[in-house]
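All remarks here apply to the structure that follows.
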Amino acid sequence: GLSSSLLCLLLSLMIFSSFPTLVCGRVTMHKNLCISLLSSNISWLLWYNLVLFDNSVWSSNVLWCRILHIITTYFTLSTYLWMLCEGAYLHLLLVAPFMDESCRVLCLTILGWTVPVFFIIPYMIYRQQNENFHCWMDMGDSNWFIAIPVIIVIILNIIFLSN
């Protein structure tokens with residue numbers, strides 16, 4: 001599933017980038033969402049192939065597997081944030097149609113790529129201090145650092161959709 005998704009996302013990005021008539025804010029938002037999904041897929045494929053199925057790696061809790069876990073978690077969270085950015089973009093088109101397009105896209109781009117960092121850093125610190133074993137695979141209380149922002153994003157998107 002991840003491999004076929006990866007191929008389709010690559011195809012989508014090629015199409016978005018190949019046609020000059022597709023250069024607009026909406027497509028820029030789509031590209032960023034595709035890049036986030038693509039990065040998440042790649043990191044999950046690496047996680048499955050390098051860590052999950054190799055007992056010696058996750059039982060030794062080596063640094064590179066924890067870094068890969070953080071990268072995978074960041075891109076997974078950024079995918080949710082990019083879904084929120086897509087919803088916010090459409091919402092702003094309706095409620096503030098005369099807002100400068102480049103400003104809207106720039107603000108949402110910064111938001112989509114930086115907000116996950118504000119949740120990943122405390123997550124990382126908590127994991128390092130309290131749940132530092134098995135390449136951070138085991139679910140513990142640290143999941144709330146990721147689950148709460150995801151729930152908030154989903155609720156906000158429902159609100160955007162219902163308006």
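Letters A, B, ... go to the chains of the structure tokens in the order shown; residues in each chain start at 1; ligands are counted from 1 in the same order.
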Can you tell me which residues surround Thr76 (chain A) at a distance of at most 10 Å, considering only C-alpha atoms, apart from same-chain residues fewer than 4 positions away, and format the answer as a PyMOL selection string?
chain A and resi 36-37+39-41+43-44+70-72+80-81+116+146+150
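Near Thr114 (chain A), within 12 Å and counting only C-alpha atoms, sit Tyr74, Phe75, Leu77, Ser78, Thr79, Leu81, Trp82, Cys85, Cys107, Leu108, Thr109, Ile110, Leu111, Gly112, Pro116, Val117, Phe118, Phe119, Ile120 and Ile121 of chain A; same-chain residues fewer than 2 positions away were not included.
Among the candidates A:Leu2, A:Val57, A:Ile154, A:Cys24, the one nearest to Leu38 (chain A) when counting only C-alpha atoms is A:Leu2.
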List every residue of region 20-152 of chain A that DSSP, applied to the backbone, labels as alpha helix (DSSP H), and write the result as a short mmCIF file (atom, residue, chain, number, x, y, z; two decimals) with N, CA, C and O atoms, in the first residue's frame.
```cif
data_model
loop_
_atom_site.label_atom_id
_atom_site.label_comp_id
_atom_site.auth_asym_id
_atom_site.auth_seq_id
_atom_site.Cartn_x
_atom_site.Cartn_y
_atom_site.Cartn_z
N GLY A 25 -2.17 29.34 -6.01
CA GLY A 25 -2.11 29.06 -4.58
C GLY A 25 -2.68 27.70 -4.21
O GLY A 25 -2.12 26.98 -3.39
N ARG A 26 -3.80 27.36 -4.83
CA ARG A 26 -4.46 26.09 -4.53
C ARG A 26 -3.54 24.91 -4.86
O ARG A 26 -3.40 23.97 -4.07
N VAL A 27 -2.88 24.98 -6.00
CA VAL A 27 -1.99 23.88 -6.40
C VAL A 27 -0.73 23.88 -5.54
O VAL A 27 -0.21 22.81 -5.21
N THR A 28 -0.27 25.05 -5.12
CA THR A 28 0.86 25.10 -4.19
C THR A 28 0.52 24.39 -2.90
O THR A 28 1.34 23.64 -2.34
N MET A 29 -0.69 24.60 -2.42
CA MET A 29 -1.13 23.91 -1.21
C MET A 29 -1.18 22.39 -1.45
O MET A 29 -0.73 21.62 -0.61
N HIS A 30 -1.70 21.99 -2.61
CA HIS A 30 -1.75 20.56 -2.94
C HIS A 30 -0.34 19.96 -3.02
O HIS A 30 -0.11 18.84 -2.55
N LYS A 31 0.59 20.71 -3.62
CA LYS A 31 1.97 20.22 -3.73
C LYS A 31 2.57 19.97 -2.35
O LYS A 31 3.22 18.95 -2.12
N ASN A 32 2.37 20.92 -1.45
CA ASN A 32 2.91 20.76 -0.10
C ASN A 32 2.29 19.57 0.62
O ASN A 32 3.00 18.83 1.32
N LEU A 33 0.99 19.38 0.46
CA LEU A 33 0.35 18.20 1.05
C LEU A 33 0.93 16.93 0.45
O LEU A 33 1.24 15.97 1.17
N CYS A 34 1.12 16.91 -0.86
CA CYS A 34 1.71 15.73 -1.52
C CYS A 34 3.14 15.48 -1.04
O CYS A 34 3.53 14.34 -0.81
N ILE A 35 3.92 16.55 -0.88
CA ILE A 35 5.29 16.39 -0.40
C ILE A 35 5.29 15.84 1.02
O ILE A 35 6.10 14.97 1.37
N SER A 36 4.37 16.33 1.84
CA SER A 36 4.27 15.82 3.21
C SER A 36 3.88 14.35 3.22
O SER A 36 4.47 13.54 3.95
N LEU A 37 2.87 13.99 2.43
CA LEU A 37 2.45 12.58 2.33
C LEU A 37 3.58 11.71 1.79
O LEU A 37 3.81 10.60 2.28
N LEU A 38 4.27 12.20 0.77
CA LEU A 38 5.38 11.46 0.17
C LEU A 38 6.49 11.24 1.20
O LEU A 38 6.99 10.12 1.35
N SER A 39 6.84 12.28 1.93
CA SER A 39 7.88 12.17 2.96
C SER A 39 7.46 11.21 4.06
O SER A 39 8.27 10.42 4.55
N SER A 40 6.19 11.28 4.44
CA SER A 40 5.68 10.36 5.46
C SER A 40 5.75 8.92 4.97
O SER A 40 6.18 8.02 5.70
N ASN A 41 5.35 8.68 3.74
CA ASN A 41 5.40 7.33 3.17
C ASN A 41 6.82 6.80 3.12
O ASN A 41 7.07 5.64 3.48
N ILE A 42 7.75 7.63 2.68
CA ILE A 42 9.15 7.20 2.60
C ILE A 42 9.68 6.87 3.99
O ILE A 42 10.33 5.83 4.18
N SER A 43 9.38 7.73 4.96
CA SER A 43 9.89 7.47 6.31
C SER A 43 9.26 6.21 6.91
O SER A 43 9.93 5.45 7.62
N TRP A 44 7.97 5.98 6.63
CA TRP A 44 7.34 4.75 7.12
C TRP A 44 7.93 3.52 6.45
O TRP A 44 8.13 2.48 7.10
N LEU A 45 8.20 3.59 5.15
CA LEU A 45 8.84 2.46 4.47
C LEU A 45 10.21 2.17 5.07
O LEU A 45 10.57 1.01 5.29
N LEU A 46 10.97 3.23 5.33
CA LEU A 46 12.28 3.04 5.98
C LEU A 46 12.12 2.43 7.36
O LEU A 46 12.86 1.53 7.75
N TRP A 47 11.13 2.93 8.11
CA TRP A 47 10.88 2.42 9.47
C TRP A 47 10.57 0.92 9.44
O TRP A 47 11.13 0.15 10.20
N ASN A 55 14.65 -7.19 14.97
CA ASN A 55 14.61 -7.21 16.43
C ASN A 55 15.89 -6.67 17.06
O ASN A 55 15.85 -5.99 18.09
N SER A 56 17.02 -6.93 16.44
CA SER A 56 18.29 -6.48 17.02
C SER A 56 18.40 -4.95 17.02
O SER A 56 19.03 -4.37 17.90
N VAL A 57 17.79 -4.29 16.04
CA VAL A 57 17.86 -2.83 15.97
C VAL A 57 17.01 -2.21 17.07
O VAL A 57 17.48 -1.39 17.85
N TRP A 58 15.72 -2.58 17.11
CA TRP A 58 14.86 -1.90 18.09
C TRP A 58 15.13 -2.32 19.52
O TRP A 58 14.90 -1.57 20.45
N SER A 59 15.67 -3.52 19.72
CA SER A 59 15.99 -3.91 21.10
C SER A 59 17.25 -3.21 21.60
O SER A 59 17.40 -2.99 22.80
N SER A 60 18.15 -2.82 20.69
CA SER A 60 19.36 -2.11 21.11
C SER A 60 19.14 -0.60 21.25
O SER A 60 19.99 0.09 21.80
N LEU A 63 20.69 5.20 18.34
CA LEU A 63 20.31 6.59 18.10
C LEU A 63 19.64 6.80 16.75
O LEU A 63 18.62 7.49 16.65
N TRP A 64 20.18 6.18 15.70
CA TRP A 64 19.62 6.44 14.37
C TRP A 64 18.17 5.98 14.25
O TRP A 64 17.38 6.59 13.53
N CYS A 65 17.79 4.92 14.97
CA CYS A 65 16.39 4.47 14.88
C CYS A 65 15.46 5.41 15.62
O CYS A 65 14.32 5.63 15.21
N ARG A 66 15.95 6.04 16.70
CA ARG A 66 15.13 7.05 17.39
C ARG A 66 14.99 8.30 16.54
O ARG A 66 13.93 8.93 16.50
N ILE A 67 16.05 8.65 15.83
CA ILE A 67 15.99 9.80 14.90
C ILE A 67 15.00 9.51 13.78
O ILE A 67 14.19 10.36 13.41
N LEU A 68 15.06 8.30 13.25
CA LEU A 68 14.10 7.91 12.20
C LEU A 68 12.67 7.94 12.74
O LEU A 68 11.74 8.36 12.04
N HIS A 69 12.49 7.54 13.98
CA HIS A 69 11.16 7.61 14.61
C HIS A 69 10.67 9.06 14.68
O HIS A 69 9.51 9.34 14.37
N ILE A 70 11.55 9.98 15.06
CA ILE A 70 11.19 11.39 15.14
C ILE A 70 10.85 11.93 13.76
O ILE A 70 9.87 12.66 13.58
N ILE A 71 11.63 11.59 12.76
CA ILE A 71 11.36 12.05 11.38
C ILE A 71 10.02 11.51 10.90
O ILE A 71 9.21 12.25 10.33
N THR A 72 9.78 10.24 11.15
CA THR A 72 8.51 9.63 10.75
C THR A 72 7.33 10.29 11.45
O THR A 72 6.32 10.61 10.83
N THR A 73 7.48 10.53 12.74
CA THR A 73 6.42 11.18 13.51
C THR A 73 6.19 12.61 13.02
O THR A 73 5.05 13.05 12.89
N TYR A 74 7.28 13.33 12.75
CA TYR A 74 7.16 14.71 12.23
C TYR A 74 6.38 14.73 10.92
O TYR A 74 5.45 15.53 10.76
N PHE A 75 6.75 13.88 9.98
CA PHE A 75 6.07 13.91 8.68
C PHE A 75 4.62 13.42 8.77
O PHE A 75 3.76 13.91 8.05
N THR A 76 4.35 12.49 9.68
CA THR A 76 2.97 12.06 9.88
C THR A 76 2.15 13.21 10.45
O THR A 76 1.04 13.49 9.98
N LEU A 77 2.69 13.90 11.42
CA LEU A 77 2.00 15.06 12.00
C LEU A 77 1.88 16.20 10.99
O LEU A 77 0.84 16.86 10.92
N SER A 78 2.92 16.41 10.20
CA SER A 78 2.86 17.48 9.19
C SER A 78 1.78 17.19 8.14
O SER A 78 1.17 18.12 7.61
N THR A 79 1.51 15.93 7.87
CA THR A 79 0.44 15.58 6.94
C THR A 79 -0.91 16.06 7.47
O THR A 79 -1.71 16.63 6.74
N TYR A 80 -1.14 15.85 8.76
CA TYR A 80 -2.38 16.35 9.36
C TYR A 80 -2.43 17.88 9.30
O TYR A 80 -3.47 18.46 9.02
N LEU A 81 -1.30 18.53 9.58
CA LEU A 81 -1.27 19.98 9.54
C LEU A 81 -1.52 20.49 8.12
O LEU A 81 -2.17 21.52 7.93
N TRP A 82 -1.02 19.77 7.13
CA TRP A 82 -1.26 20.19 5.75
C TRP A 82 -2.71 19.99 5.34
O TRP A 82 -3.25 20.75 4.55
N MET A 83 -3.36 18.99 5.91
CA MET A 83 -4.81 18.86 5.68
C MET A 83 -5.53 20.06 6.28
O MET A 83 -6.47 20.59 5.67
N LEU A 84 -5.08 20.50 7.45
CA LEU A 84 -5.66 21.69 8.07
C LEU A 84 -5.38 22.93 7.21
O LEU A 84 -6.26 23.76 7.01
N CYS A 85 -4.16 23.04 6.69
CA CYS A 85 -3.82 24.17 5.82
C CYS A 85 -4.69 24.19 4.57
O CYS A 85 -5.11 25.27 4.12
N GLU A 86 -4.97 23.03 4.01
CA GLU A 86 -5.87 22.95 2.84
C GLU A 86 -7.26 23.46 3.23
O GLU A 86 -7.86 24.25 2.51
N GLY A 87 -7.76 23.01 4.38
CA GLY A 87 -9.06 23.46 4.85
C GLY A 87 -9.08 24.95 5.15
O GLY A 87 -10.03 25.66 4.80
N ALA A 88 -8.02 25.44 5.78
CA ALA A 88 -7.92 26.87 6.10
C ALA A 88 -7.83 27.70 4.82
O ALA A 88 -8.43 28.78 4.73
N TYR A 89 -7.12 27.20 3.84
CA TYR A 89 -7.00 27.91 2.56
C TYR A 89 -8.38 28.08 1.92
O TYR A 89 -8.75 29.18 1.49
N LEU A 90 -9.13 26.99 1.85
CA LEU A 90 -10.48 27.06 1.27
C LEU A 90 -11.39 27.97 2.09
O LEU A 90 -12.17 28.75 1.54
N HIS A 91 -11.27 27.88 3.41
CA HIS A 91 -12.07 28.72 4.29
C HIS A 91 -11.73 30.21 4.06
O HIS A 91 -12.63 31.05 3.97
N LEU A 92 -10.44 30.51 3.98
CA LEU A 92 -10.02 31.90 3.76
C LEU A 92 -10.45 32.42 2.39
O LEU A 92 -10.71 33.62 2.24
N LEU A 93 -10.51 31.55 1.41
CA LEU A 93 -11.01 31.97 0.09
C LEU A 93 -12.45 32.46 0.19
O LEU A 93 -12.86 33.39 -0.52
N LEU A 94 -13.22 31.84 1.09
CA LEU A 94 -14.62 32.22 1.24
C LEU A 94 -14.82 33.42 2.14
O LEU A 94 -15.65 34.28 1.87
N VAL A 95 -14.08 33.48 3.25
CA VAL A 95 -14.32 34.54 4.23
C VAL A 95 -13.47 35.79 3.99
O VAL A 95 -13.83 36.87 4.45
N GLU A 101 -3.09 36.76 -2.16
CA GLU A 101 -2.89 35.31 -2.38
C GLU A 101 -1.51 34.86 -1.92
O GLU A 101 -1.37 33.82 -1.26
N SER A 102 -0.48 35.61 -2.26
CA SER A 102 0.88 35.19 -1.89
C SER A 102 1.07 35.21 -0.37
O SER A 102 1.74 34.34 0.19
N CYS A 103 0.46 36.16 0.30
CA CYS A 103 0.53 36.23 1.77
C CYS A 103 -0.18 35.03 2.40
O CYS A 103 0.32 34.42 3.33
N ARG A 104 -1.36 34.72 1.86
CA ARG A 104 -2.14 33.59 2.36
C ARG A 104 -1.35 32.28 2.22
O ARG A 104 -1.24 31.51 3.16
N VAL A 105 -0.77 32.07 1.05
CA VAL A 105 -0.02 30.84 0.79
C VAL A 105 1.24 30.79 1.64
O VAL A 105 1.57 29.74 2.23
N LEU A 106 1.95 31.92 1.76
CA LEU A 106 3.17 31.95 2.56
C LEU A 106 2.87 31.65 4.03
O LEU A 106 3.56 30.84 4.65
N CYS A 107 1.85 32.29 4.58
CA CYS A 107 1.50 32.06 5.99
C CYS A 107 1.12 30.60 6.23
O CYS A 107 1.56 30.00 7.21
N LEU A 108 0.32 30.03 5.34
CA LEU A 108 -0.08 28.64 5.51
C LEU A 108 1.08 27.67 5.30
O LEU A 108 1.16 26.63 5.95
N THR A 109 2.00 28.03 4.40
CA THR A 109 3.18 27.19 4.18
C THR A 109 4.05 27.16 5.43
O THR A 109 4.50 26.09 5.86
N ILE A 110 4.28 28.32 6.01
CA ILE A 110 5.06 28.39 7.24
C ILE A 110 4.37 27.60 8.34
O ILE A 110 5.00 26.82 9.06
N LEU A 111 3.07 27.77 8.45
CA LEU A 111 2.28 27.06 9.46
C LEU A 111 2.38 25.55 9.26
O LEU A 111 2.60 24.80 10.22
N GLY A 112 2.21 25.08 8.03
CA GLY A 112 2.18 23.64 7.74
C GLY A 112 3.48 22.92 8.04
O GLY A 112 3.48 21.76 8.43
N TRP A 113 4.61 23.62 7.86
CA TRP A 113 5.89 22.96 8.07
C TRP A 113 6.49 23.22 9.45
O TRP A 113 7.33 22.44 9.91
N THR A 114 6.09 24.31 10.13
CA THR A 114 6.72 24.61 11.42
C THR A 114 5.91 24.19 12.64
O THR A 114 6.49 23.82 13.66
N VAL A 115 4.59 24.23 12.57
CA VAL A 115 3.77 23.88 13.74
C VAL A 115 4.06 22.47 14.26
O VAL A 115 4.14 22.28 15.48
N PRO A 116 4.27 21.46 13.40
CA PRO A 116 4.59 20.13 13.95
C PRO A 116 5.82 20.12 14.85
O PRO A 116 5.89 19.33 15.79
N VAL A 117 6.77 21.00 14.59
CA VAL A 117 7.99 21.05 15.39
C VAL A 117 7.66 21.38 16.85
O VAL A 117 8.28 20.85 17.77
N PHE A 118 6.66 22.25 17.06
CA PHE A 118 6.30 22.65 18.42
C PHE A 118 5.67 21.51 19.23
O PHE A 118 5.59 21.59 20.45
N PHE A 119 5.23 20.47 18.55
CA PHE A 119 4.71 19.29 19.24
C PHE A 119 5.75 18.18 19.29
O PHE A 119 5.75 17.37 20.23
N ILE A 120 6.62 18.13 18.31
CA ILE A 120 7.65 17.09 18.25
C ILE A 120 8.72 17.31 19.32
O ILE A 120 9.17 16.35 19.94
N ILE A 121 9.10 18.55 19.56
CA ILE A 121 10.17 18.82 20.52
C ILE A 121 9.79 18.35 21.93
O ILE A 121 10.55 17.60 22.56
N PRO A 122 8.62 18.75 22.49
CA PRO A 122 8.28 18.21 23.82
C PRO A 122 8.09 16.69 23.81
O PRO A 122 8.44 16.01 24.79
N TYR A 123 7.56 16.16 22.70
CA TYR A 123 7.40 14.72 22.56
C TYR A 123 8.76 14.03 22.66
O TYR A 123 8.93 13.05 23.39
N MET A 124 9.73 14.58 21.95
CA MET A 124 11.07 14.02 21.92
C MET A 124 11.72 14.08 23.31
O MET A 124 12.33 13.10 23.76
N ILE A 125 11.58 15.21 23.97
CA ILE A 125 12.16 15.36 25.31
C ILE A 125 11.52 14.37 26.28
O ILE A 125 12.21 13.70 27.06
N TYR A 126 10.20 14.27 26.23
CA TYR A 126 9.49 13.35 27.12
C TYR A 126 9.92 11.90 26.85
O TYR A 126 10.17 11.14 27.79
N ARG A 127 9.99 11.53 25.57
CA ARG A 127 10.40 10.15 25.24
C ARG A 127 11.81 9.87 25.74
O ARG A 127 12.08 8.78 26.27
N GLN A 128 12.71 10.82 25.54
CA GLN A 128 14.09 10.63 25.95
C GLN A 128 14.20 10.44 27.46
O GLN A 128 14.97 9.61 27.95
N GLN A 129 13.40 11.17 28.22
CA GLN A 129 13.49 11.11 29.67
C GLN A 129 12.67 9.99 30.30
O GLN A 129 13.05 9.46 31.34
N ASN A 130 11.54 9.62 29.68
CA ASN A 130 10.62 8.70 30.35
C ASN A 130 10.34 7.39 29.61
O ASN A 130 9.92 6.43 30.24
N TRP A 144 0.09 11.30 23.77
CA TRP A 144 -0.79 12.46 23.91
C TRP A 144 -0.19 13.70 23.27
O TRP A 144 -0.92 14.58 22.82
N PHE A 145 1.15 13.78 23.22
CA PHE A 145 1.80 14.92 22.57
C PHE A 145 1.47 14.97 21.08
O PHE A 145 1.51 16.03 20.47
N ILE A 146 1.17 13.83 20.50
CA ILE A 146 0.85 13.74 19.08
C ILE A 146 -0.66 13.65 18.87
O ILE A 146 -1.21 14.27 17.94
N ALA A 147 -1.34 12.91 19.71
CA ALA A 147 -2.79 12.68 19.53
C ALA A 147 -3.61 13.95 19.69
O ALA A 147 -4.55 14.19 18.92
N ILE A 148 -3.28 14.77 20.67
CA ILE A 148 -4.07 15.99 20.91
C ILE A 148 -4.02 16.94 19.72
O ILE A 148 -5.08 17.41 19.26
N PRO A 149 -2.84 17.25 19.14
CA PRO A 149 -2.85 18.11 17.96
C PRO A 149 -3.62 17.50 16.78
O PRO A 149 -4.31 18.22 16.05
N VAL A 150 -3.52 16.19 16.61
CA VAL A 150 -4.24 15.53 15.51
C VAL A 150 -5.75 15.67 15.73
O VAL A 150 -6.49 15.99 14.79
N ILE A 151 -6.21 15.46 16.94
CA ILE A 151 -7.64 15.59 17.24
C ILE A 151 -8.10 17.03 17.00
O ILE A 151 -9.17 17.26 16.41
N ILE A 152 -7.29 18.00 17.43
CA ILE A 152 -7.63 19.41 17.22
C ILE A 152 -7.71 19.72 15.73
O ILE A 152 -8.64 20.41 15.28
#
```
Could you tell me which of A:Cys8, A:Leu22, A:Ile15, A:Val62 comes closest to Asn132 (chain A) if we count only C-alpha atoms?
A:Val62
